[in-house]
file work16.txt (compact mmCIF, C-alpha atoms)
# COMPACT_ATOMS: atom_id res chain seq x y z
CA MET G 218 -123.97 70.45 42.88
CA MET G 219 -124.07 71.98 46.35
CA ASN G 220 -120.91 71.76 48.45
CA LEU G 221 -120.97 70.67 52.09
CA GLU G 222 -119.39 73.98 52.97
CA ASP G 223 -122.59 75.68 51.81
CA ILE G 224 -124.81 73.42 53.96
CA PHE G 225 -123.05 73.62 57.33
CA ASN G 226 -122.27 76.68 59.37
CA ARG G 227 -118.55 77.44 59.24
CA THR G 228 -118.30 78.50 62.87
CA ASN G 229 -120.03 75.34 64.06
CA ILE G 230 -117.76 73.10 61.96
CA VAL G 231 -114.65 74.79 63.31
CA ASP G 232 -116.00 74.37 66.85
CA LEU G 233 -116.75 70.70 66.25
CA SER G 234 -113.31 70.06 64.78
CA PHE G 235 -111.76 71.67 67.86
CA PHE G 236 -114.03 69.79 70.29
CA ASN G 237 -111.41 67.23 71.42
CA PHE G 238 -108.97 69.98 72.37
CA ARG G 239 -111.31 71.99 74.60
CA ASN G 240 -110.62 69.95 77.72
CA ALA G 241 -107.08 68.85 76.79
CA ILE G 242 -104.39 69.28 79.42
CA THR G 243 -102.23 70.96 76.80
CA ALA G 244 -102.47 74.52 75.41
CA CYS G 245 -104.02 74.02 71.95
CA TYR G 246 -104.55 76.37 69.05
CA PHE G 247 -105.89 76.25 65.50
CA ALA G 248 -104.75 78.70 62.81
CA ASP G 249 -105.35 79.12 59.12
CA ARG G 250 -102.75 78.53 56.45
CA ASP G 251 -101.42 82.03 56.95
CA LEU G 252 -100.84 81.24 60.63
CA ARG G 253 -103.62 83.54 61.82
CA ILE G 254 -105.03 82.07 65.06
CA LEU G 255 -108.71 81.08 64.79
CA LYS G 256 -109.23 79.10 67.96
CA VAL G 257 -107.54 78.38 71.30
CA ASN G 258 -108.67 76.24 74.25
CA ASP G 259 -108.99 77.33 77.86
CA ASN G 260 -105.58 75.94 78.82
CA PHE G 261 -103.96 78.16 76.19
CA ARG G 262 -105.45 81.18 77.95
CA SER G 263 -104.51 79.92 81.42
CA PHE G 264 -100.98 78.96 80.40
CA PHE G 265 -100.33 82.34 78.77
CA PRO G 266 -102.51 84.96 80.49
CA VAL G 267 -100.17 87.69 79.29
CA LEU G 268 -101.44 87.22 75.72
CA GLY G 269 -105.08 88.17 76.38
CA ASN G 270 -107.25 87.76 73.27
CA VAL G 271 -105.20 86.15 70.49
CA SER G 272 -107.96 85.74 67.90
CA ASN G 273 -106.72 86.56 64.40
CA ALA G 274 -103.22 87.15 65.79
CA TYR G 275 -100.23 86.03 63.71
CA PHE G 276 -98.80 82.96 65.47
CA PRO G 277 -95.07 83.84 65.08
CA HIS G 278 -95.91 87.25 66.64
CA VAL G 279 -97.61 85.40 69.54
CA LEU G 280 -94.44 83.39 70.03
CA GLU G 281 -92.43 86.59 69.98
CA GLN G 282 -94.75 88.17 72.54
CA LEU G 283 -94.28 85.11 74.80
CA GLY G 284 -90.56 85.71 74.75
CA VAL G 285 -89.61 82.75 72.57
CA GLU G 286 -86.12 83.16 71.20
CA ALA G 287 -85.87 84.30 67.59
CA ALA G 288 -83.99 81.12 66.64
CA TYR G 289 -86.92 78.99 67.80
CA ILE G 290 -89.42 81.14 65.90
CA GLU G 291 -87.36 80.93 62.72
CA SER G 292 -86.99 77.17 63.16
CA PHE G 293 -90.76 76.80 63.64
CA SER G 294 -91.66 78.54 60.40
CA LYS G 295 -88.92 76.81 58.41
CA GLN G 296 -89.74 73.28 59.57
CA LEU G 297 -93.46 73.77 59.08
CA GLU G 298 -92.88 75.00 55.55
CA GLU G 299 -90.47 72.21 54.61
CA ASN G 300 -91.95 69.21 56.46
CA GLY G 301 -95.56 70.10 57.03
CA ASN G 302 -95.07 69.61 60.76
CA VAL G 303 -92.76 70.84 63.45
CA LEU G 304 -91.56 69.70 66.89
CA ILE G 305 -89.54 71.98 69.10
CA PRO G 306 -88.85 69.91 72.21
CA HIS G 307 -87.50 72.67 74.43
CA VAL G 308 -89.07 76.11 74.56
CA PRO G 309 -88.08 77.95 77.74
CA LEU G 310 -90.48 80.71 78.83
CA LYS G 311 -90.86 82.96 81.85
CA ILE G 312 -94.50 83.23 82.93
CA ASP G 313 -95.55 85.32 85.90
CA GLY G 314 -91.93 85.43 87.01
CA HIS G 315 -91.53 81.65 86.92
CA ASP G 316 -89.32 79.66 84.56
CA ARG G 317 -91.34 77.19 82.53
CA VAL G 318 -90.44 74.75 79.77
CA PHE G 319 -92.75 73.68 76.93
CA SER G 320 -92.63 71.52 73.85
CA LEU G 321 -94.31 72.95 70.76
CA LEU G 322 -95.94 70.55 68.28
CA SER G 323 -97.69 71.81 65.15
CA THR G 324 -98.87 70.31 61.85
CA TYR G 325 -100.79 71.23 58.74
CA THR G 326 -104.36 69.88 58.68
CA LYS G 327 -106.17 68.76 55.54
CA ASP G 328 -109.89 68.21 54.98
CA PRO G 329 -111.30 67.55 51.47
CA SER G 330 -114.83 68.59 52.46
CA PHE G 331 -114.20 71.77 54.39
CA SER G 332 -111.46 73.99 53.02
CA TYR G 333 -111.54 76.28 56.04
CA LEU G 334 -110.32 73.33 58.16
CA ASN G 335 -107.11 73.28 56.12
CA GLY G 336 -104.81 75.12 58.49
CA VAL G 337 -102.36 74.58 61.28
CA GLN G 338 -103.19 72.77 64.47
CA GLY G 339 -100.79 72.62 67.39
CA GLN G 340 -100.30 72.48 71.09
CA PHE G 341 -97.90 73.52 73.83
CA VAL G 342 -97.06 70.66 76.21
CA ASP G 343 -96.01 71.79 79.68
CA ARG G 344 -92.82 69.86 80.46
CA THR G 345 -91.62 72.03 83.33
CA ALA G 346 -91.76 69.24 85.92
CA GLU G 347 -89.95 66.85 83.58
CA TRP G 348 -87.21 69.35 82.83
CA GLN G 349 -86.87 70.21 86.51
CA LEU G 350 -86.34 66.53 87.26
CA ARG G 351 -83.87 66.32 84.41
CA ARG G 352 -82.03 69.41 85.64
CA GLU G 353 -81.95 68.02 89.19
CA ARG G 354 -80.59 64.75 87.82
CA GLU G 355 -77.93 66.62 85.84
CA GLN G 356 -77.07 68.64 88.95
CA LEU G 357 -76.75 65.43 90.95
CA LEU G 358 -74.51 63.98 88.26
CA GLU G 359 -72.44 67.15 88.23
CA GLU G 360 -72.20 67.08 92.03
CA LYS G 361 -71.25 63.41 91.88
CA LEU G 362 -68.61 64.22 89.30
CA ARG G 363 -67.31 67.11 91.42
CA ASP G 364 -67.32 64.84 94.49
CA ARG G 365 -65.41 62.19 92.56
CA GLU G 366 -62.90 64.77 91.37
CA LEU G 367 -62.63 66.08 94.93
CA ILE G 368 -62.12 62.55 96.27
CA GLU G 369 -59.50 61.85 93.62
CA GLU G 370 -57.71 65.10 94.46
CA LYS G 371 -57.87 64.33 98.19
CA THR G 372 -56.58 60.83 97.44
CA ARG G 373 -53.68 62.30 95.47
CA GLN G 374 -52.97 64.67 98.36
CA LEU G 375 -53.04 61.78 100.83
CA GLU G 376 -50.72 59.78 98.59
CA ARG G 377 -48.32 62.71 98.46
CA VAL G 378 -48.51 63.07 102.24
CA ALA G 379 -48.04 59.32 102.65
CA ASP G 380 -45.02 59.37 100.35
CA ARG G 381 -43.50 62.19 102.38
CA LEU G 382 -44.44 60.49 105.65
CA ALA G 383 -42.75 57.30 104.49
CA LYS G 384 -39.45 59.16 104.49
CA TYR G 385 -39.86 60.02 108.18
CA LEU G 386 -40.74 56.51 109.35
CA SER G 387 -39.11 53.13 109.25
CA PRO G 388 -40.85 50.95 106.59
CA GLN G 389 -42.13 48.53 109.23
CA ILE G 390 -43.72 51.32 111.28
CA TYR G 391 -45.10 53.01 108.17
CA SER G 392 -46.66 49.72 107.05
CA SER G 393 -48.22 49.05 110.45
CA ILE G 394 -49.78 52.54 110.57
CA PHE G 395 -51.39 52.33 107.13
CA SER G 396 -52.52 48.73 107.60
CA GLY G 397 -54.26 49.58 110.87
CA GLN G 398 -52.01 47.26 112.88
CA SER G 399 -50.55 50.18 114.80
CA GLU G 400 -53.75 50.37 116.87
CA LYS G 401 -52.80 47.00 118.34
CA GLN G 402 -49.28 48.25 119.05
CA ASP G 403 -50.21 51.37 121.00
CA THR G 404 -49.27 49.68 124.28
CA LEU G 405 -45.63 49.50 125.30
CA ALA G 406 -43.90 46.12 125.21
CA ARG G 407 -40.85 44.59 126.81
CA LYS G 408 -38.82 42.70 124.21
CA ASN G 409 -35.40 41.23 123.70
CA LEU G 410 -33.88 43.37 120.94
CA THR G 411 -30.56 43.73 119.21
CA ILE G 412 -29.53 47.39 119.18
CA PHE G 413 -27.16 49.00 116.66
CA PHE G 414 -25.56 52.42 117.07
CA SER G 415 -23.12 54.08 114.66
CA ASP G 416 -21.37 57.41 114.44
CA ILE G 417 -18.88 59.08 112.09
CA GLU G 418 -15.53 59.74 113.74
CA GLY G 419 -14.52 63.38 113.62
CA PHE G 420 -17.64 64.45 111.78
CA THR G 421 -17.39 67.99 113.16
CA ASP G 422 -13.87 68.36 111.75
CA ILE G 423 -14.97 66.94 108.40
CA SER G 424 -18.02 69.22 108.09
CA ASP G 425 -16.41 72.44 109.40
CA GLY G 426 -15.97 74.90 106.58
CA MET G 427 -17.87 72.72 104.15
CA GLU G 428 -20.37 74.56 101.92
CA PRO G 429 -24.04 73.83 102.80
CA GLU G 430 -24.67 72.20 99.41
CA ARG G 431 -21.64 69.90 99.71
CA LEU G 432 -22.46 69.07 103.34
CA SER G 433 -26.04 68.25 102.34
CA PHE G 434 -24.82 65.97 99.55
CA PHE G 435 -22.35 64.27 101.88
CA ILE G 436 -24.65 63.57 104.83
CA ASN G 437 -27.71 62.74 102.72
CA THR G 438 -25.72 60.27 100.62
CA TYR G 439 -24.32 58.63 103.75
CA LEU G 440 -27.66 58.36 105.57
CA SER G 441 -29.50 57.21 102.43
CA GLU G 442 -27.00 54.43 101.75
CA MET G 443 -26.98 53.29 105.39
CA SER G 444 -30.79 53.37 105.50
CA ASN G 445 -31.05 51.23 102.39
CA ILE G 446 -28.79 48.64 103.97
CA ALA G 447 -30.74 48.70 107.25
CA ILE G 448 -33.99 48.13 105.37
CA GLU G 449 -32.39 45.40 103.26
CA TYR G 450 -31.50 43.44 106.41
CA GLY G 451 -34.86 44.02 108.10
CA GLY G 452 -33.78 46.56 110.70
CA THR G 453 -36.15 49.13 112.19
CA ILE G 454 -34.59 52.58 111.79
CA ASP G 455 -35.26 54.36 115.06
CA LYS G 456 -33.74 57.77 114.38
CA PHE G 457 -30.92 59.86 113.00
CA ILE G 458 -29.07 61.99 115.54
CA GLY G 459 -27.01 64.22 113.31
CA ASP G 460 -24.65 61.73 111.67
CA ALA G 461 -25.43 59.00 114.23
CA ILE G 462 -27.83 56.16 113.40
CA LEU G 463 -29.90 54.05 115.79
CA VAL G 464 -31.36 50.80 114.41
CA PHE G 465 -32.93 47.87 116.25
CA PHE G 466 -33.94 44.32 115.36
CA GLY G 467 -36.76 42.31 116.91
CA ASP G 468 -39.70 44.68 116.62
CA PRO G 469 -42.25 45.04 115.13
CA GLU G 470 -41.12 41.84 113.36
CA THR G 471 -38.72 39.23 114.63
CA ASP G 472 -37.15 36.01 113.35
CA GLY G 473 -35.91 35.05 116.81
CA ASP G 474 -33.10 36.38 118.97
CA ARG G 475 -30.30 34.60 117.12
CA ALA G 476 -31.54 35.51 113.66
CA ASP G 477 -32.08 39.13 114.69
CA ALA G 478 -28.55 39.38 116.11
CA LEU G 479 -27.04 37.75 113.04
CA LYS G 480 -28.90 40.10 110.67
CA CYS G 481 -27.71 43.08 112.69
CA ALA G 482 -24.11 41.86 112.50
CA ARG G 483 -24.40 41.39 108.76
CA MET G 484 -25.89 44.85 108.42
CA GLY G 485 -23.01 46.46 110.32
CA LEU G 486 -20.41 44.67 108.21
CA ARG G 487 -22.16 45.69 105.00
CA MET G 488 -22.40 49.31 106.17
CA ARG G 489 -18.66 49.39 106.87
CA GLN G 490 -17.95 47.99 103.42
CA ARG G 491 -20.31 50.48 101.75
CA VAL G 492 -18.64 53.43 103.47
CA ARG G 493 -15.32 52.36 101.96
CA GLU G 494 -16.97 52.10 98.54
CA LEU G 495 -18.41 55.62 98.86
CA GLU G 496 -15.08 57.29 99.61
CA LYS G 497 -14.35 57.59 95.88
CA VAL G 498 -17.75 59.24 95.26
CA TRP G 499 -17.17 61.77 98.03
CA HIS G 500 -13.60 62.42 96.88
CA GLU G 501 -14.90 63.22 93.37
CA ASN G 502 -17.27 65.74 94.95
CA GLY G 503 -14.55 67.59 96.81
CA ILE G 504 -14.67 65.75 100.15
CA SER G 505 -11.07 64.69 100.59
CA LYS G 506 -10.99 63.56 104.22
CA PRO G 507 -11.50 59.80 104.59
CA LEU G 508 -14.65 58.79 106.42
CA LYS G 509 -14.38 56.39 109.35
CA VAL G 510 -17.39 55.02 111.18
CA ARG G 511 -17.59 53.50 114.66
CA MET G 512 -20.31 50.94 115.42
CA GLY G 513 -21.65 49.26 118.54
CA ILE G 514 -24.04 46.30 118.85
CA THR G 515 -25.66 44.72 121.90
CA THR G 516 -28.66 42.54 122.72
CA GLY G 517 -30.97 42.92 125.70
CA TYR G 518 -34.45 43.61 126.95
CA CYS G 519 -35.84 47.06 126.08
CA THR G 520 -39.15 48.81 126.32
CA VAL G 521 -40.43 49.51 122.80
CA GLY G 522 -43.48 51.46 121.65
CA ASN G 523 -44.87 54.96 121.23
CA PHE G 524 -43.33 57.57 123.49
CA GLY G 525 -44.03 61.28 123.50
CA SER G 526 -46.80 63.77 124.11
CA GLU G 527 -50.36 64.12 122.90
CA HIS G 528 -49.02 66.38 120.16
CA ARG G 529 -46.14 64.24 118.93
CA LEU G 530 -45.31 60.54 119.28
CA GLU G 531 -42.15 58.67 118.41
CA TYR G 532 -41.89 54.90 118.00
CA THR G 533 -38.62 54.14 119.78
CA VAL G 534 -36.79 51.95 122.28
CA LEU G 535 -35.72 52.75 125.83
CA GLY G 536 -33.46 50.80 128.13
CA SER G 537 -29.88 50.13 129.16
CA PRO G 538 -29.07 48.16 125.94
CA VAL G 539 -29.60 51.39 123.97
CA ASN G 540 -27.14 53.20 126.21
CA LEU G 541 -24.70 50.29 126.02
CA ALA G 542 -24.77 50.27 122.21
CA ALA G 543 -23.92 53.99 122.26
CA ARG G 544 -21.08 53.38 124.75
CA LEU G 545 -19.67 50.54 122.62
CA GLN G 546 -19.75 52.78 119.57
CA ALA G 547 -17.95 55.55 121.41
CA ALA G 548 -15.26 53.11 122.60
CA ALA G 549 -14.71 51.55 119.19
CA VAL G 550 -11.64 52.34 117.14
CA ALA G 551 -12.47 54.01 113.85
CA ASP G 552 -13.73 51.60 111.20
CA THR G 553 -14.46 48.81 113.71
CA ILE G 554 -17.55 47.17 115.18
CA LEU G 555 -17.77 46.32 118.88
CA ILE G 556 -20.35 43.84 120.17
CA SER G 557 -21.23 42.94 123.75
CA ASP G 558 -21.10 39.41 125.15
CA SER G 559 -24.92 39.14 124.98
CA THR G 560 -24.78 39.46 121.19
CA TYR G 561 -21.60 37.41 120.90
CA MET G 562 -23.18 34.42 122.65
CA LEU G 563 -25.97 34.36 120.02
CA ILE G 564 -23.62 34.33 117.01
CA ASP G 565 -20.32 33.03 118.38
CA ASP G 566 -20.45 29.89 116.22
CA VAL G 567 -20.60 31.91 112.98
CA ALA G 568 -18.80 35.14 113.87
CA ASN G 569 -15.11 35.95 113.52
CA CYS G 570 -14.49 37.97 116.65
CA GLN G 571 -11.53 39.19 118.69
CA ARG G 572 -11.95 39.30 122.47
CA LEU G 573 -10.97 42.67 123.90
CA ASP G 574 -10.50 43.88 127.44
CA ASP G 575 -13.63 44.27 129.50
CA MET G 576 -14.89 47.82 129.66
CA GLN G 577 -16.70 49.69 132.39
CA PRO G 578 -19.31 51.81 130.53
CA LYS G 579 -20.39 55.01 132.16
CA GLY G 580 -23.63 54.50 134.04
CA PHE G 581 -23.22 50.71 134.34
CA MET G 582 -22.54 48.91 137.61
CA ARG G 583 -20.53 46.01 136.19
CA PRO G 584 -17.87 45.64 133.51
CA VAL G 585 -19.00 44.39 130.11
CA SER G 586 -17.24 41.76 128.03
CA VAL G 587 -16.47 43.21 124.61
CA TYR G 588 -15.64 41.66 121.25
CA ARG G 589 -14.51 43.18 117.98
CA LEU G 590 -16.56 41.84 115.07
CA ASP G 591 -14.28 41.27 112.10
CA GLY G 592 -16.57 39.21 109.87
CA LEU G 593 -18.76 36.13 109.52
CA LYS G 594 -17.81 32.66 108.44
CA GLU G 595 -18.56 31.80 104.82
CA GLY G 596 -21.77 29.98 103.97
CA VAL G 597 -23.60 31.18 107.06
CA GLU G 598 -27.38 31.11 106.72
CA ILE G 599 -29.84 32.76 109.05
CA ALA G 600 -31.55 29.79 110.60
CA GLU G 601 -34.84 29.79 112.41
CA GLU G 602 -34.33 30.08 116.15
CA PRO G 603 -34.58 26.72 117.95
CA MET G 604 -37.92 26.08 119.53
CA THR G 605 -37.56 25.72 123.29
CA ARG G 606 -40.20 24.93 125.91
CA VAL G 607 -39.31 24.81 129.58
CA GLY G 608 -41.72 23.41 132.14
CA LYS G 609 -41.46 22.79 135.85
CA HIS G 610 -39.80 19.39 135.41
CA VAL G 611 -39.06 19.03 131.67
CA ALA G 612 -37.24 21.16 129.06
CA VAL G 613 -37.74 20.49 125.33
CA ASN G 614 -35.52 21.86 122.57
CA ILE G 615 -36.43 21.32 118.89
CA PRO G 616 -33.81 22.82 116.54
CA ASP G 617 -35.92 22.15 113.44
CA ARG G 618 -39.62 22.97 113.64
CA ARG G 619 -40.28 20.55 110.79
CA ARG G 620 -39.53 17.75 113.28
CA ILE G 621 -42.22 18.75 115.80
CA ARG G 622 -44.30 15.67 114.96
CA GLU G 623 -41.27 13.44 115.54
CA ALA G 624 -40.67 15.19 118.86
CA ILE G 625 -44.28 14.53 119.91
CA GLU G 626 -43.90 10.83 119.13
CA GLU G 627 -40.66 10.74 121.10
CA LEU G 628 -42.35 12.41 124.08
CA ARG G 629 -45.07 9.78 123.97
CA ARG G 630 -42.46 7.02 124.12
CA ILE G 631 -40.80 8.75 127.05
CA GLU G 632 -44.20 8.99 128.74
CA GLU G 633 -44.73 5.24 128.30
CA GLU G 634 -41.29 4.47 129.76
CA LEU G 635 -41.89 6.74 132.74
CA GLN G 636 -45.21 5.06 133.43
CA HIS G 637 -43.28 1.93 134.49
CA HIS G 638 -41.37 3.90 137.11
CA ILE G 639 -44.40 5.39 138.83
CA PRO G 640 -44.51 3.96 142.41
CA SER G 641 -47.56 1.80 143.07
CA GLU G 642 -49.92 3.08 145.73
call {"tool": "encode", "arguments": {"input": "work16.txt", "output": "structure tokens"}}
result
Amino acid sequence: MMNLEDIFNRTNIVDLSFFNFRNAITACYFADRDLRILKVNDNFRSFFPVLGNVSNAYFPHVLEQLGVEAAYIESFSKQLEENGNVLIPHVPLKIDGHDRVFSLLSTYTKDPSFSYLNGVQGQFVDRTAEWQLRREREQLLEEKLRDRELIEEKTRQLERVADRLAKYLSPQIYSSIFSGQSEKQDTLARKNLTIFFSDIEGFTDISDGMEPERLSFFINTYLSEMSNIAIEYGGTIDKFIGDAILVFFGDPETDGDRADALKCARMGLRMRQRVRELEKVWHENGISKPLKVRMGITTGYCTVGNFGSEHRLEYTVLGSPVNLAARLQAAAVADTILISDSTYMLIDDVANCQRLDDMQPKGFMRPVSVYRLDGLKEGVEIAEEPMTRVGKHVAVNIPDRRRIREAIEELRRIEEELQHHIPSE
């Protein structure tokens, strides 16, 4: 019996079997079982012009000539032998000075009629554009990751700066800056404030000859404890002037003039008590001299806001009440609190005070009535300031805001009664 191989021309059969690959967009090849290349399409030649004529060339040597890494070549031969087919998804090559990426697919072919078609058929798929897009995407992800890490680091830096900045600002001012409310407070304001000023008596004598470490412990402990108390009672810490402390109530938050004055009085009394409690701590750390603090409190209208230059601003208060608080402090006997009559009139019903002789503070035209604050009556609560409205002919005072509706009804009844007294035209 005559075989088909004997009837048909071998070259023509090989050409016909390779017909579909002639115009393929991939670089195709056909090799025999020994991996000797028999046929390649035009794209194979155009993709790899460096190879020239590859007819009868050993395919692994072709891969080597293309610059394929030895690991890929070894993997190709091993997979083809074990599985009958092979897929290497990423084959990087440099062609004409350009980086290209291909996938290599190859498989054994079988044909029962034509033995010379039993070989290896494969193709290189150009995936350069795809891998470039993938690389760009990976680069974008890496950049995004770096940006995120940079943002997180900058955030941590800002948090560290904010934490440090918080130690230089009163909590109320710090909060207003980071909440954006400070933009609304850039203008100066005239407000009725209660001013507190304190100073350690004989601080120079106490600190003279004291080692820097012990002095630092002493003053930092004192200022920290006093600051905690000021914050606890809602005071705005203006500044430290050496061992002196300036605190005010009524800005940026206020509970009313009376409540502000009462909180300031409570704060001063608590500070005096805390200083006595700390004497044992200081004594244990080698500070034997007893600490005595003088304090002055007054209430009055001040200008409050940002003062300074374009390079440095300070949120502070200016006005005669600030000077008066300092004068009261200077005139106070050690371990006492002096308050002016303006503060006394706000808290006289709840304060235990001793009237002292009037004083003529330096820089003031008139004498000032002075009281020594000894304490507050038990059970005193900070009440909301009475609501007062004064018109041209009528003044309304409502001690409890919860009774505003009742007050409105009462005003209506008064209006009806007054209607009867209106003269007829």
call {"tool": "atom_distance", "arguments": {"input": "work16.txt", "atom1": "CA of Gly485 (chain G)", "atom2": "CA of Met512 (chain G)"}}
result
7.3 Å
call {"tool": "atom_distance", "arguments": {"input": "work16.txt", "atom1": "CA of Phe581 (chain G)", "atom2": "CA of Asp474 (chain G)"}}
result
23.2 Å
call {"tool": "atom_distance", "arguments": {"input": "work16.txt", "atom1": "CA of Ile514 (chain G)", "atom2": "CA of Ala543 (chain G)"}}
result
8.4 Å
call {"tool": "residues_near_point", "arguments": {"input": "work16.txt", "point": "(-20.0, 53.2, 117.8)", "cutoff": "8 Å", "atoms": "all atoms listed in the file", "output": "PyMOL selection string"}}
result
chain G and resi 414-416+510-513+542-549+554-555
call {"tool": "closest_residue", "arguments": {"input": "work16.txt", "among": "G:Ser444, G:Asn540, G:Ser424, G:Gln282", "to": "Arg491 (chain G)", "atoms": "all atoms listed in the file"}}
result
G:Ser444
